[in-house]
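Text of protein_3.csv, listed as CSV, N, CA and C atoms:
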```
chain,number,residue,atom,x,y,z
A,1,MET,N,97.5,118.9,105.1
A,1,MET,CA,96.9,118.4,103.9
A,1,MET,C,95.5,117.9,104.2
A,2,SER,N,94.6,118.4,103.4
A,2,SER,CA,93.2,118.0,103.7
A,2,SER,C,92.9,116.7,103.0
A,3,PHE,N,91.8,116.1,103.5
A,3,PHE,CA,91.3,114.8,102.9
A,3,PHE,C,91.1,114.9,101.5
A,4,ALA,N,90.4,116.0,101.1
A,4,ALA,CA,90.0,116.2,99.7
A,4,ALA,C,91.2,116.3,98.8
A,5,SER,N,92.2,117.1,99.2
A,5,SER,CA,93.4,117.2,98.4
A,5,SER,C,94.2,115.9,98.3
A,6,ALA,N,94.2,115.1,99.4
A,6,ALA,CA,94.9,113.9,99.4
A,6,ALA,C,94.3,112.8,98.6
A,7,PHE,N,92.9,112.7,98.6
A,7,PHE,CA,92.3,111.5,98.0
A,7,PHE,C,91.4,111.8,96.8
A,8,LEU,N,90.9,113.1,96.7
A,8,LEU,CA,89.9,113.4,95.6
A,8,LEU,C,90.5,114.2,94.5
A,9,ASN,N,91.7,114.7,94.5
A,9,ASN,CA,92.2,115.5,93.5
A,9,ASN,C,93.0,114.8,92.4
A,10,GLN,N,92.7,113.6,92.1
A,10,GLN,CA,93.5,112.8,91.2
A,10,GLN,C,93.0,113.1,89.8
A,11,SER,N,93.9,113.6,88.9
A,11,SER,CA,93.5,114.0,87.6
A,11,SER,C,93.5,112.8,86.7
A,12,ALA,N,92.5,112.7,85.8
A,12,ALA,CA,92.4,111.6,84.9
A,12,ALA,C,93.6,111.6,83.9
A,13,GLY,N,94.2,112.8,83.7
A,13,GLY,CA,95.3,112.9,82.8
A,13,GLY,C,96.7,112.5,83.4
A,14,GLN,N,96.7,112.2,84.7
A,14,GLN,CA,97.9,111.7,85.3
A,14,GLN,C,98.2,110.3,84.9
A,15,SER,N,99.5,110.0,84.8
A,15,SER,CA,99.9,108.6,84.6
A,15,SER,C,99.7,107.8,85.9
A,16,ILE,N,99.6,106.5,85.8
A,16,ILE,CA,99.4,105.7,87.0
A,16,ILE,C,100.6,105.8,88.0
A,17,GLU,N,101.8,106.0,87.4
A,17,GLU,CA,102.9,106.2,88.2
A,17,GLU,C,102.8,107.5,89.0
A,18,ASP,N,102.3,108.6,88.4
A,18,ASP,CA,102.1,109.9,89.1
A,18,ASP,C,101.0,109.8,90.2
A,19,GLN,N,99.9,109.0,89.9
A,19,GLN,CA,98.9,108.8,90.8
A,19,GLN,C,99.4,108.1,92.1
A,20,ILE,N,100.1,107.0,91.8
A,20,ILE,CA,100.7,106.3,93.0
A,20,ILE,C,101.7,107.1,93.7
A,21,GLY,N,102.5,107.9,93.0
A,21,GLY,CA,103.5,108.8,93.6
A,21,GLY,C,102.8,109.7,94.5
A,22,LEU,N,101.6,110.3,94.1
A,22,LEU,CA,100.9,111.2,95.0
A,22,LEU,C,100.4,110.5,96.2
A,23,GLN,N,99.9,109.2,96.1
A,23,GLN,CA,99.5,108.4,97.2
A,23,GLN,C,100.6,108.2,98.2
A,24,VAL,N,101.8,107.8,97.7
A,24,VAL,CA,103.0,107.6,98.5
A,24,VAL,C,103.4,108.9,99.3
A,25,GLU,N,103.3,110.0,98.5
A,25,GLU,CA,103.7,111.3,99.2
A,25,GLU,C,102.7,111.6,100.3
A,26,THR,N,101.4,111.4,100.0
A,26,THR,CA,100.3,111.6,101.0
A,26,THR,C,100.6,110.7,102.2
A,27,LEU,N,100.9,109.4,102.0
A,27,LEU,CA,101.2,108.5,103.1
A,27,LEU,C,102.3,109.0,104.0
A,28,LEU,N,103.4,109.4,103.3
A,28,LEU,CA,104.6,109.9,104.0
A,28,LEU,C,104.3,111.2,104.8
A,29,HIS,N,103.4,112.0,104.3
A,29,HIS,CA,103.0,113.3,105.0
A,29,HIS,C,102.1,113.1,106.2
A,30,SER,N,101.4,111.9,106.2
A,30,SER,CA,100.4,111.7,107.2
A,30,SER,C,101.1,111.0,108.5
A,31,ILE,N,100.7,111.5,109.6
A,31,ILE,CA,101.2,111.0,110.9
A,31,ILE,C,100.1,110.1,111.4
A,32,ALA,N,100.5,108.8,111.7
A,32,ALA,CA,99.5,107.9,112.3
A,32,ALA,C,99.7,107.9,113.8
A,33,PRO,N,98.6,107.8,114.5
A,33,PRO,CA,98.6,107.8,115.9
A,33,PRO,C,99.3,106.5,116.5
A,34,GLU,N,99.5,105.5,115.7
A,34,GLU,CA,100.2,104.3,116.1
A,34,GLU,C,99.5,103.5,117.2
A,35,TYR,N,98.1,103.5,117.2
A,35,TYR,CA,97.4,102.7,118.1
A,35,TYR,C,97.6,101.2,117.7
A,36,VAL,N,97.6,100.3,118.6
A,36,VAL,CA,97.7,98.9,118.3
A,36,VAL,C,96.3,98.4,118.0
A,37,VAL,N,96.1,98.0,116.8
A,37,VAL,CA,94.8,97.5,116.4
A,37,VAL,C,94.9,96.0,116.1
A,38,GLY,N,94.2,95.2,116.9
A,38,GLY,CA,94.3,93.8,116.8
A,38,GLY,C,93.7,93.2,115.6
A,39,PRO,N,94.0,91.9,115.3
A,39,PRO,CA,93.5,91.3,114.1
A,39,PRO,C,92.0,91.1,114.1
A,40,GLU,N,91.4,91.2,115.3
A,40,GLU,CA,89.9,91.1,115.4
A,40,GLU,C,89.2,92.3,114.8
A,41,PHE,N,89.9,93.3,114.4
A,41,PHE,CA,89.3,94.5,113.8
A,41,PHE,C,90.0,94.8,112.4
A,42,PRO,N,89.7,93.9,111.4
A,42,PRO,CA,90.4,94.1,110.1
A,42,PRO,C,90.0,95.4,109.4
A,43,ASN,N,88.7,95.8,109.6
A,43,ASN,CA,88.3,97.1,108.9
A,43,ASN,C,89.0,98.3,109.5
A,44,VAL,N,89.2,98.3,110.8
A,44,VAL,CA,89.9,99.4,111.5
A,44,VAL,C,91.4,99.4,111.0
A,45,GLN,N,92.0,98.2,110.8
A,45,GLN,CA,93.4,98.2,110.3
A,45,GLN,C,93.5,98.8,108.9
A,46,LEU,N,92.4,98.9,108.2
A,46,LEU,CA,92.4,99.4,106.8
A,46,LEU,C,91.8,100.8,106.8
A,47,SER,N,91.6,101.4,108.0
A,47,SER,CA,90.9,102.7,108.0
A,47,SER,C,92.0,103.8,108.1
A,48,ASN,N,91.5,105.1,108.0
A,48,ASN,CA,92.4,106.2,108.1
A,48,ASN,C,93.1,106.3,109.5
A,49,LEU,N,92.6,105.6,110.5
A,49,LEU,CA,93.2,105.6,111.8
A,49,LEU,C,94.6,105.0,111.7
A,50,CYS,N,94.8,104.0,110.8
A,50,CYS,CA,96.1,103.4,110.6
A,50,CYS,C,96.9,103.9,109.4
A,51,PHE,N,96.4,104.8,108.7
A,51,PHE,CA,97.0,105.4,107.5
A,51,PHE,C,98.1,106.3,108.0
A,52,GLY,N,99.2,106.4,107.4
A,52,GLY,CA,100.3,107.3,107.7
A,52,GLY,C,101.5,106.6,108.3
A,53,VAL,N,102.5,107.4,108.8
A,53,VAL,CA,103.7,106.8,109.3
A,53,VAL,C,103.8,107.3,110.8
A,54,PRO,N,104.6,106.6,111.6
A,54,PRO,CA,104.8,107.0,113.0
A,54,PRO,C,105.5,108.4,113.0
A,55,MET,N,105.3,109.1,114.1
A,55,MET,CA,105.8,110.5,114.2
A,55,MET,C,107.4,110.5,114.2
A,56,ASP,N,108.0,109.4,114.7
A,56,ASP,CA,109.4,109.3,114.7
A,56,ASP,C,110.0,108.6,113.5
A,57,TRP,N,109.3,108.5,112.4
A,57,TRP,CA,109.8,107.7,111.2
A,57,TRP,C,111.1,108.1,110.7
A,58,ALA,N,111.6,109.3,110.9
A,58,ALA,CA,112.9,109.7,110.3
A,58,ALA,C,114.0,109.8,111.3
A,59,LEU,N,113.7,109.4,112.5
A,59,LEU,CA,114.8,109.4,113.5
A,59,LEU,C,115.6,108.2,113.6
A,60,GLY,N,116.8,108.3,113.9
A,60,GLY,CA,117.7,107.1,114.0
A,60,GLY,C,118.2,106.6,112.7
A,61,GLU,N,119.0,105.6,112.8
A,61,GLU,CA,119.6,105.0,111.6
A,61,GLU,C,119.7,103.5,111.7
A,62,GLY,N,120.3,102.9,110.7
A,62,GLY,CA,120.5,101.4,110.8
A,62,GLY,C,119.2,100.6,110.9
A,63,GLN,N,119.0,100.1,112.1
A,63,GLN,CA,117.8,99.3,112.3
A,63,GLN,C,116.5,100.1,112.1
A,64,ARG,N,116.5,101.3,112.4
A,64,ARG,CA,115.3,102.2,112.2
A,64,ARG,C,115.0,102.3,110.8
A,65,ASN,N,116.0,102.4,109.9
A,65,ASN,CA,115.7,102.4,108.4
A,65,ASN,C,115.1,101.1,108.0
A,66,THR,N,115.5,100.0,108.5
A,66,THR,CA,114.9,98.7,108.2
A,66,THR,C,113.4,98.7,108.6
A,67,GLN,N,113.2,99.3,109.8
A,67,GLN,CA,111.8,99.3,110.3
A,67,GLN,C,110.9,100.2,109.4
A,68,VAL,N,111.5,101.4,109.0
A,68,VAL,CA,110.7,102.3,108.2
A,68,VAL,C,110.4,101.6,106.8
A,69,ARG,N,111.4,101.0,106.2
A,69,ARG,CA,111.1,100.3,105.0
A,69,ARG,C,110.0,99.2,105.1
A,70,SER,N,110.1,98.5,106.2
A,70,SER,CA,109.1,97.4,106.5
A,70,SER,C,107.7,98.0,106.7
A,71,MET,N,107.6,99.1,107.5
A,71,MET,CA,106.4,99.8,107.7
A,71,MET,C,105.8,100.4,106.5
A,72,LEU,N,106.7,101.0,105.6
A,72,LEU,CA,106.2,101.6,104.4
A,72,LEU,C,105.6,100.5,103.4
A,73,ARG,N,106.3,99.3,103.4
A,73,ARG,CA,105.9,98.2,102.5
A,73,ARG,C,104.5,97.8,103.1
A,74,ASP,N,104.3,97.6,104.4
A,74,ASP,CA,103.1,97.2,105.0
A,74,ASP,C,102.0,98.2,104.6
A,75,ARG,N,102.2,99.5,104.8
A,75,ARG,CA,101.2,100.5,104.6
A,75,ARG,C,100.8,100.5,103.1
A,76,LEU,N,101.8,100.4,102.2
A,76,LEU,CA,101.5,100.4,100.8
A,76,LEU,C,100.7,99.2,100.3
A,77,GLU,N,101.0,98.0,100.9
A,77,GLU,CA,100.2,96.8,100.6
A,77,GLU,C,98.8,97.0,101.1
A,78,LYS,N,98.5,97.7,102.2
A,78,LYS,CA,97.2,97.9,102.7
A,78,LYS,C,96.4,99.0,101.9
A,79,PHE,N,97.1,100.1,101.6
A,79,PHE,CA,96.4,101.3,101.2
A,79,PHE,C,96.7,101.6,99.7
A,80,GLU,N,97.5,100.9,99.0
A,80,GLU,CA,97.7,101.2,97.6
A,80,GLU,C,97.7,99.9,96.8
A,81,PRO,N,96.4,99.4,96.5
A,81,PRO,CA,96.3,98.1,95.9
A,81,PRO,C,96.7,98.0,94.4
A,82,ARG,N,97.0,99.2,93.8
A,82,ARG,CA,97.5,99.2,92.4
A,82,ARG,C,98.9,98.6,92.3
A,83,LEU,N,99.7,98.8,93.4
A,83,LEU,CA,101.0,98.2,93.5
A,83,LEU,C,100.9,96.7,93.7
A,84,ALA,N,101.2,95.9,92.7
A,84,ALA,CA,101.1,94.5,92.8
A,84,ALA,C,102.3,93.9,93.3
A,85,LEU,N,103.4,94.6,93.1
A,85,LEU,CA,104.7,94.0,93.5
A,85,LEU,C,105.6,95.2,93.9
A,86,MET,N,106.3,95.1,95.0
A,86,MET,CA,107.3,96.1,95.4
A,86,MET,C,108.7,95.3,95.4
A,87,SER,N,109.5,95.6,94.5
A,87,SER,CA,110.8,94.9,94.4
A,87,SER,C,111.9,95.6,95.2
A,88,GLU,N,111.7,96.9,95.5
A,88,GLU,CA,112.7,97.6,96.2
A,88,GLU,C,112.1,98.8,96.9
A,89,ILE,N,112.5,99.0,98.2
A,89,ILE,CA,112.1,100.2,98.9
A,89,ILE,C,113.4,100.6,99.6
A,90,SER,N,113.9,101.8,99.3
A,90,SER,CA,115.2,102.2,100.0
A,90,SER,C,115.1,103.6,100.4
A,91,LEU,N,115.9,104.0,101.4
A,91,LEU,CA,116.0,105.4,101.9
A,91,LEU,C,117.4,105.9,101.7
A,92,GLN,N,117.5,107.2,101.4
A,92,GLN,CA,118.8,107.8,101.4
A,92,GLN,C,118.7,109.1,102.2
A,93,ASP,N,119.5,109.1,103.3
A,93,ASP,CA,119.5,110.2,104.2
A,93,ASP,C,120.4,111.3,103.5
A,94,LYS,N,119.8,112.6,103.5
A,94,LYS,CA,120.5,113.7,103.0
A,94,LYS,C,120.7,114.7,104.2
A,95,ALA,N,121.7,114.4,105.0
A,95,ALA,CA,121.9,115.2,106.3
A,95,ALA,C,122.1,116.7,106.0
A,96,GLU,N,122.8,117.1,104.9
A,96,GLU,CA,123.0,118.5,104.6
A,96,GLU,C,121.8,119.2,104.3
A,97,GLU,N,120.7,118.5,103.8
A,97,GLU,CA,119.5,119.1,103.5
A,97,GLU,C,118.4,118.8,104.6
A,98,ASN,N,118.8,118.0,105.6
A,98,ASN,CA,117.9,117.6,106.6
A,98,ASN,C,116.6,116.9,106.0
A,99,ALA,N,116.9,116.0,105.0
A,99,ALA,CA,115.8,115.4,104.3
A,99,ALA,C,116.1,113.9,104.1
A,100,VAL,N,115.1,113.2,103.7
A,100,VAL,CA,115.2,111.8,103.4
A,100,VAL,C,114.5,111.5,102.0
A,101,THR,N,115.2,110.8,101.1
A,101,THR,CA,114.7,110.4,99.8
A,101,THR,C,114.3,109.0,99.9
A,102,PHE,N,113.0,108.7,99.5
A,102,PHE,CA,112.5,107.4,99.4
A,102,PHE,C,112.4,106.9,97.9
A,103,PHE,N,112.9,105.7,97.7
A,103,PHE,CA,112.9,105.1,96.3
A,103,PHE,C,112.0,103.8,96.4
A,104,ILE,N,111.0,103.8,95.6
A,104,ILE,CA,110.2,102.6,95.6
A,104,ILE,C,110.1,102.1,94.1
A,105,ALA,N,110.5,100.8,93.9
A,105,ALA,CA,110.4,100.2,92.6
A,105,ALA,C,109.5,99.0,92.7
A,106,GLY,N,108.7,98.9,91.6
A,106,GLY,CA,107.8,97.8,91.6
A,106,GLY,C,107.0,97.7,90.3
A,107,ALA,N,105.9,97.0,90.4
A,107,ALA,CA,105.0,96.9,89.3
A,107,ALA,C,103.6,97.2,89.7
A,108,VAL,N,102.8,97.7,88.7
A,108,VAL,CA,101.4,98.1,88.9
A,108,VAL,C,100.6,97.3,88.0
A,109,ARG,N,99.4,97.0,88.4
A,109,ARG,CA,98.4,96.3,87.6
A,109,ARG,C,97.8,97.3,86.6
A,110,SER,N,97.7,96.9,85.3
A,110,SER,CA,97.1,97.8,84.3
A,110,SER,C,96.3,96.9,83.4
A,111,GLN,N,95.5,97.5,82.5
A,111,GLN,CA,94.7,96.7,81.6
A,111,GLN,C,95.6,95.9,80.7
A,112,ALA,N,96.8,96.3,80.4
A,112,ALA,CA,97.7,95.5,79.6
A,112,ALA,C,98.5,94.5,80.3
A,113,GLY,N,98.3,94.4,81.6
A,113,GLY,CA,99.1,93.5,82.4
A,113,GLY,C,99.8,94.2,83.6
A,114,MET,N,101.1,94.0,83.6
A,114,MET,CA,101.9,94.6,84.6
A,114,MET,C,102.9,95.7,84.0
A,115,ASP,N,102.9,96.9,84.6
A,115,ASP,CA,103.8,97.9,84.2
A,115,ASP,C,104.8,98.2,85.3
A,116,GLN,N,106.1,98.4,85.0
A,116,GLN,CA,107.1,98.7,86.0
A,116,GLN,C,107.0,100.2,86.3
A,117,VAL,N,107.2,100.5,87.6
A,117,VAL,CA,107.2,101.9,88.1
A,117,VAL,C,108.4,102.1,89.0
A,118,GLU,N,108.8,103.4,89.0
A,118,GLU,CA,109.8,103.8,90.0
A,118,GLU,C,109.3,105.1,90.6
A,119,ILE,N,109.2,105.2,91.9
A,119,ILE,CA,108.7,106.4,92.5
A,119,ILE,C,109.8,106.9,93.5
A,120,ILE,N,110.1,108.2,93.3
A,120,ILE,CA,111.1,108.8,94.2
A,120,ILE,C,110.5,110.0,94.8
A,121,LYS,N,110.5,110.1,96.1
A,121,LYS,CA,110.0,111.2,96.9
A,121,LYS,C,111.0,111.7,97.9
A,122,THR,N,111.2,113.0,98.0
A,122,THR,CA,112.1,113.5,99.0
A,122,THR,C,111.3,114.4,99.9
A,123,LEU,N,111.5,114.1,101.2
A,123,LEU,CA,110.7,114.8,102.3
A,123,LEU,C,111.7,115.4,103.3
A,124,SER,N,111.3,116.6,103.8
A,124,SER,CA,112.1,117.2,104.8
A,124,SER,C,111.8,116.6,106.2
A,125,ARG,N,112.8,116.4,107.0
A,125,ARG,CA,112.6,115.9,108.3
A,125,ARG,C,111.9,116.9,109.2
A,126,MET,N,112.0,118.1,109.0
A,126,MET,CA,111.4,119.1,109.8
A,126,MET,C,109.9,119.3,109.7
A,127,ASP,N,109.5,119.4,108.5
A,127,ASP,CA,108.1,119.7,108.3
A,127,ASP,C,107.4,118.7,107.3
A,128,GLN,N,108.2,117.7,106.9
A,128,GLN,CA,107.7,116.6,106.0
A,128,GLN,C,107.4,117.1,104.6
A,129,TYR,N,107.6,118.4,104.3
A,129,TYR,CA,107.5,118.9,102.9
A,129,TYR,C,108.8,119.3,102.4
A,130,LYS,N,109.2,118.9,101.3
A,130,LYS,CA,110.5,119.2,100.7
A,130,LYS,C,110.2,120.1,99.5
A,131,GLU,N,110.8,121.3,99.6
A,131,GLU,CA,110.7,122.3,98.5
A,131,GLU,C,111.8,122.0,97.5
A,132,GLU,N,111.4,121.9,96.2
A,132,GLU,CA,112.4,121.7,95.2
A,132,GLU,C,113.2,122.9,94.9
A,133,ALA,N,114.5,122.8,94.6
A,133,ALA,CA,115.4,123.9,94.3
A,133,ALA,C,115.0,124.5,93.0
A,134,VAL,N,115.1,125.8,92.9
A,134,VAL,CA,114.7,126.4,91.6
A,134,VAL,C,115.9,126.6,90.7
```

Representation of the structure as structure tokens:
Amino acid sequence: MSFASAFLNQSAGQSIEDQIGLQVETLLHSIAPEYVVGPEFPNVQLSNLCFGVPMDWALGEGQRNTQVRSMLRDRLEKFEPRLALMSEISLQDKAEENAVTFFIAGAVRSQAGMDQVEIIKTLSRMDQYKEEAV
């Protein structure tokens, strides 16, 4: 996925939920090098060096799922400022499809105040792109 397709192709006709959904999908498709960046470099922490998820994000269960939800919440707080509140982040493993479904519920800031959103994204563990069944 190129930088331009990830960040510059947002249509004005898309709903805020669709725009944030695209951002979440881009975040989940991006692999972060997982360098440890200390608090003395706040701009680097918010740069594309720290955007994305660890390469092993979908491996393991139990405690790993808790870590993935925590990491996703952290990345969304840093890189998706339109999400004012995240009330739920959950993962559902689909072993038969070798995929993981992410569910994010929360609220976004809008001109009218706060709007509720629900974002559902399914990604393949093999190539991080999930093709929808026809």

>> Which residues are close to segment 89-95 of chain A, i.e. within 8 Å by all atoms listed in the file, leaving aside same-chain residues fewer than 2 positions away? Reply as a PyMOL selection string.
In response: chain A and resi 65+68-70+72-73+86-87+97-106

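Between atom N of Leu85 of chain A and atom CA of Glu25 of chain A there is a distance of 17.8 Å.
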
> Suppose you want the space between atom C of Glu96 of chain A and atom CA of Asp18 of chain A; what is it in Å?
Replying inline: 26.6 Å

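The nearest approach to Arg82 of chain A among the residues A:Val44, A:Leu49, A:Ala112, A:Ile20, with only C-alpha atoms taken into account, belongs to A:Ile20.
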
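The nearest approach to Val24 of chain A among the residues A:Leu76, A:Val36, A:Ala84, A:Met114, with all atoms listed in the file taken into account, belongs to A:Leu76.
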
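For the choices A:Thr66, A:Asn48, A:Gln19, A:Gln14, the atom-to-atom distance to Phe79 of chain A is smallest for A:Asn48 when using only C-alpha atoms.
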
>> If I take atom N of Leu28 of chain A and atom N of Val53 of chain A, how far is one from the other in Å, to one decimal?
In response: 5.9 Å

>> as a PyMOL selection string, please: the residues near Glu17 of chain A (cut-off 8 Å, only N, CA and C atoms, same-chain neighbours under 5 positions excluded).
In response: chain A and resi 22-23+116-119

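Minimum atom-to-atom distances from A:Leu123, A:Ile16, A:Val37, A:Gly52 to Met71 of chain A were compared using all atoms listed in the file, and the lowest value belongs to A:Gly52.
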